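Report on the structure given below.
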Amino acid sequence: MTLRTAPAQAVARHGWVQAAAVVLTGLVAMGVVAALGLWAAGATDLPDGAFPRVVAATVVTSVGGSVELAGAAGGLAETDAGLTVIPLSVTLTGALVVAAGFLRPLRHRAVAGAAELGGWAARVAVLWLLGLLGLALAARQTFRIDLGEDTLGDIGDVLGVRPEIGFTTDVPVTLVFGLLWLAGVLVLALVVARGAPLPGRLLPFQTSVRPAAYAMVLLLLAYVGIGIVAGLVVAATRGHTAETFAVLLLGVPNLVWLALTIGLGATWNGRVEGPFGLPMPHVLDQVLRTPDVSELNLGSLAEYDGRVWWLLVADAVLLLAAGFVMAARSPGRVRAWQHALHMAVALALTVLMICLVGRISAHFGLSVLGIGDLGGGLAGKLFLRPRLWSALGLAVLWGLVTGFAGALLARRVRRRGETDAV
């Protein structure tokens, strides 16, 4: 009787209803965070009831989807616009909720077959694509640009220039990248969670992969937690409450993970021009608002605020803690130099992820009769991109040092009966 009922119980734990619950809770959580962040940013004042569509576009971009900007201004004028940014607060919320829902039916088990895991993931993926398709189709809107009442507005009235800008979603690209995002979240959930079952053939890789992955996720979440606390303190003591909460709800990982790489010694190149600007702290905008491309690193930031050197201290402390956690969760037979290698690889991959998702690019321009930027403040440019290879090299170096030191510290606290636990 037990052998006959076990498959039915497995199906019940991994059915379509459970998969729908995982997808629905993930999308709803992302939508709520995006809506609150956009509300704090003042997006509810957008015309033509555009707020829900902007929320949908924000969720789409948070999972790697592509939202394209397009403009029109009549026969005598042209507009050009582009925007590339990932609201990582929304991304992180979705990843945590979806991962927790995916792992829930698998808890309290040591091993799961590849077919079982694949079938469960496939159900979630199918419903995820359907939900993402609906959001992608809803994420489109057009806005009229007010030229004002000055000379630029008069020229526009005479020439019949009525500039508009709108956004739409590249549905195929959104579905592809959204599926890749989901696959990454599910794989990472299986790798990180100690109680998550793996196929028997993958169990030997737990020794090197799972403790390092867990330590890196813990490191990233620690930075987010610090950023949230700092933001709440700023909101309570310095005002700008709405702006602060907009940053927290939409982009706190964008800022704190950028700070993580800068604390390692990495350099980002960028420039701010026109009405665009980076969110707080204001020192970022000061460094980047120059005629030429600027360098964003510890040295350039310290010229405006010497407190940025604390980023170096924070990185040292938190990376050492991550190295300690990684070693404490590893079997006792793993040597210190092996911990150092595991930490170096894990930190390099983490920094690579930050460099890929932390890029920012935005531009907008309007020209009439071939004349661009008529002084109305309607043109602008913003971009921020990392020096990738130097950042990865620094991550490897930091990983080797902190991984080795963390292993030495963990030797004194690891219990004899737990040396072989993963």
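Each chain in the structure tokens gets a letter, A, B and so on, in the order shown; residues start at 1 in every chain, and ligands are counted from 1 in the order they appear.
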
Discussion item. Give me, as an MDAnalysis selection string, all polymer residues having an atom no more than 12 Å from Trp337 (chain A), counting only C-alpha atoms and skipping those fewer than 6 positions away in the same chain.
Written reply: chainID A and resid 323 327 343:344 399:408

Please dump the current selection as an mmCIF file, in the first residue's frame; keep N, CA and C atoms.
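What landed in again17.cif:
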data_model
loop_
_atom_site.group_PDB
_atom_site.id
_atom_site.type_symbol
_atom_site.label_atom_id
_atom_site.label_comp_id
_atom_site.auth_asym_id
_atom_site.auth_seq_id
_atom_site.Cartn_x
_atom_site.Cartn_y
_atom_site.Cartn_z
ATOM 1 N N GLY A 323 33.803 33.905 4.374
ATOM 2 C CA GLY A 323 34.778 32.822 4.328
ATOM 3 C C GLY A 323 34.651 31.894 5.523
ATOM 4 N N ALA A 327 33.578 27.881 5.347
ATOM 5 C CA ALA A 327 34.405 26.826 5.929
ATOM 6 C C ALA A 327 33.658 26.052 6.998
ATOM 7 N N MET A 343 36.434 30.004 -2.394
ATOM 8 C CA MET A 343 35.998 31.374 -2.128
ATOM 9 C C MET A 343 36.353 32.290 -3.293
ATOM 10 N N ALA A 344 37.519 32.112 -3.874
ATOM 11 C CA ALA A 344 37.944 32.960 -4.989
ATOM 12 C C ALA A 344 37.023 32.782 -6.186
ATOM 13 N N GLY A 399 39.104 36.859 -2.596
ATOM 14 C CA GLY A 399 38.575 35.551 -2.259
ATOM 15 C C GLY A 399 39.632 34.611 -1.721
ATOM 16 N N LEU A 400 40.815 34.628 -2.319
ATOM 17 C CA LEU A 400 41.896 33.775 -1.834
ATOM 18 C C LEU A 400 42.273 34.122 -0.394
ATOM 19 N N VAL A 401 42.404 35.417 -0.127
ATOM 20 C CA VAL A 401 42.846 35.843 1.210
ATOM 21 C C VAL A 401 41.771 35.564 2.255
ATOM 22 N N THR A 402 40.545 36.008 1.994
ATOM 23 C CA THR A 402 39.486 35.860 2.999
ATOM 24 C C THR A 402 39.037 34.407 3.126
ATOM 25 N N GLY A 403 39.100 33.638 2.040
ATOM 26 C CA GLY A 403 38.762 32.224 2.131
ATOM 27 C C GLY A 403 39.749 31.458 2.994
ATOM 28 N N PHE A 404 41.026 31.744 2.839
ATOM 29 C CA PHE A 404 42.049 31.080 3.642
ATOM 30 C C PHE A 404 41.930 31.488 5.110
ATOM 31 N N ALA A 405 41.759 32.803 5.347
ATOM 32 C CA ALA A 405 41.640 33.286 6.727
ATOM 33 C C ALA A 405 40.376 32.748 7.390
ATOM 34 N N GLY A 406 39.268 32.702 6.647
ATOM 35 C CA GLY A 406 38.036 32.162 7.208
ATOM 36 C C GLY A 406 38.161 30.698 7.569
ATOM 37 N N ALA A 407 38.898 29.938 6.754
ATOM 38 C CA ALA A 407 39.116 28.524 7.059
ATOM 39 C C ALA A 407 39.911 28.344 8.346
ATOM 40 N N LEU A 408 40.909 29.195 8.547
ATOM 41 C CA LEU A 408 41.702 29.115 9.778
ATOM 42 C C LEU A 408 40.846 29.429 11.001
#

Residues of region 328-352 of chain A at most 10 Å from region 247-269 of chain A: nearest atom pair and distance in Å, only C-alpha atoms, as CSV:
residue,atom,partner,partner_atom,distance
A:Thr350,CA,A:Trp257,CA,9.8
A:Val351,CA,A:Thr261,CA,6.9
A:Leu352,CA,A:Thr261,CA,9.9

Just the selected residues (C-alpha atoms), exported as a JSON list (two decimals), in the first residue's frame, please.
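Done, and the output landed in result-v9.json:
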[["chain", "number", "residue", "atom", "x", "y", "z"],
["A", 350, "THR", "CA", 29.37, 36.96, -7.70],
["A", 351, "VAL", "CA", 31.21, 40.08, -8.89],
["A", 352, "LEU", "CA", 30.62, 39.02, -12.50]]

If you count only C-alpha atoms, the residue of A:Arg53, A:Arg271, A:Lys381, A:His342 closest to Val209 (chain A) turns out to be A:His342

For region 116-126 of chain A: contacts at 8 Å, only C-alpha atoms, fewer than 3 positions along chain excluded, given as a list of chain:residue names:
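Within the cut-off, the hits are A:His14, A:Gly15, A:Trp16, A:Ala19, A:Ala20, A:Val22, A:Val23, A:Phe102, A:Ala112, A:Gly113, A:Leu129, A:Leu130, A:Leu179, A:Leu182, A:Leu186.
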
Of A:Leu27, A:Val60, A:Val90, A:Leu320, the one nearest to Trp128 (chain A) when counting only C-alpha atoms is A:Leu27

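Counting only C-alpha atoms, the residue from A:Asn297, A:Gln18, A:Ser66, A:Thr169 that sits nearest to Gly101 (chain A) is A:Gln18.
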
**OP:** If you run DSSP over the backbone, which residues in region 157-363 of chain A end up alpha helix (DSSP H)? Put them as a PyMOL selection string.
**Re:** chain A and resi 157-159+171-192+206-237+241-263+282-288+298-302+310-328+336-357
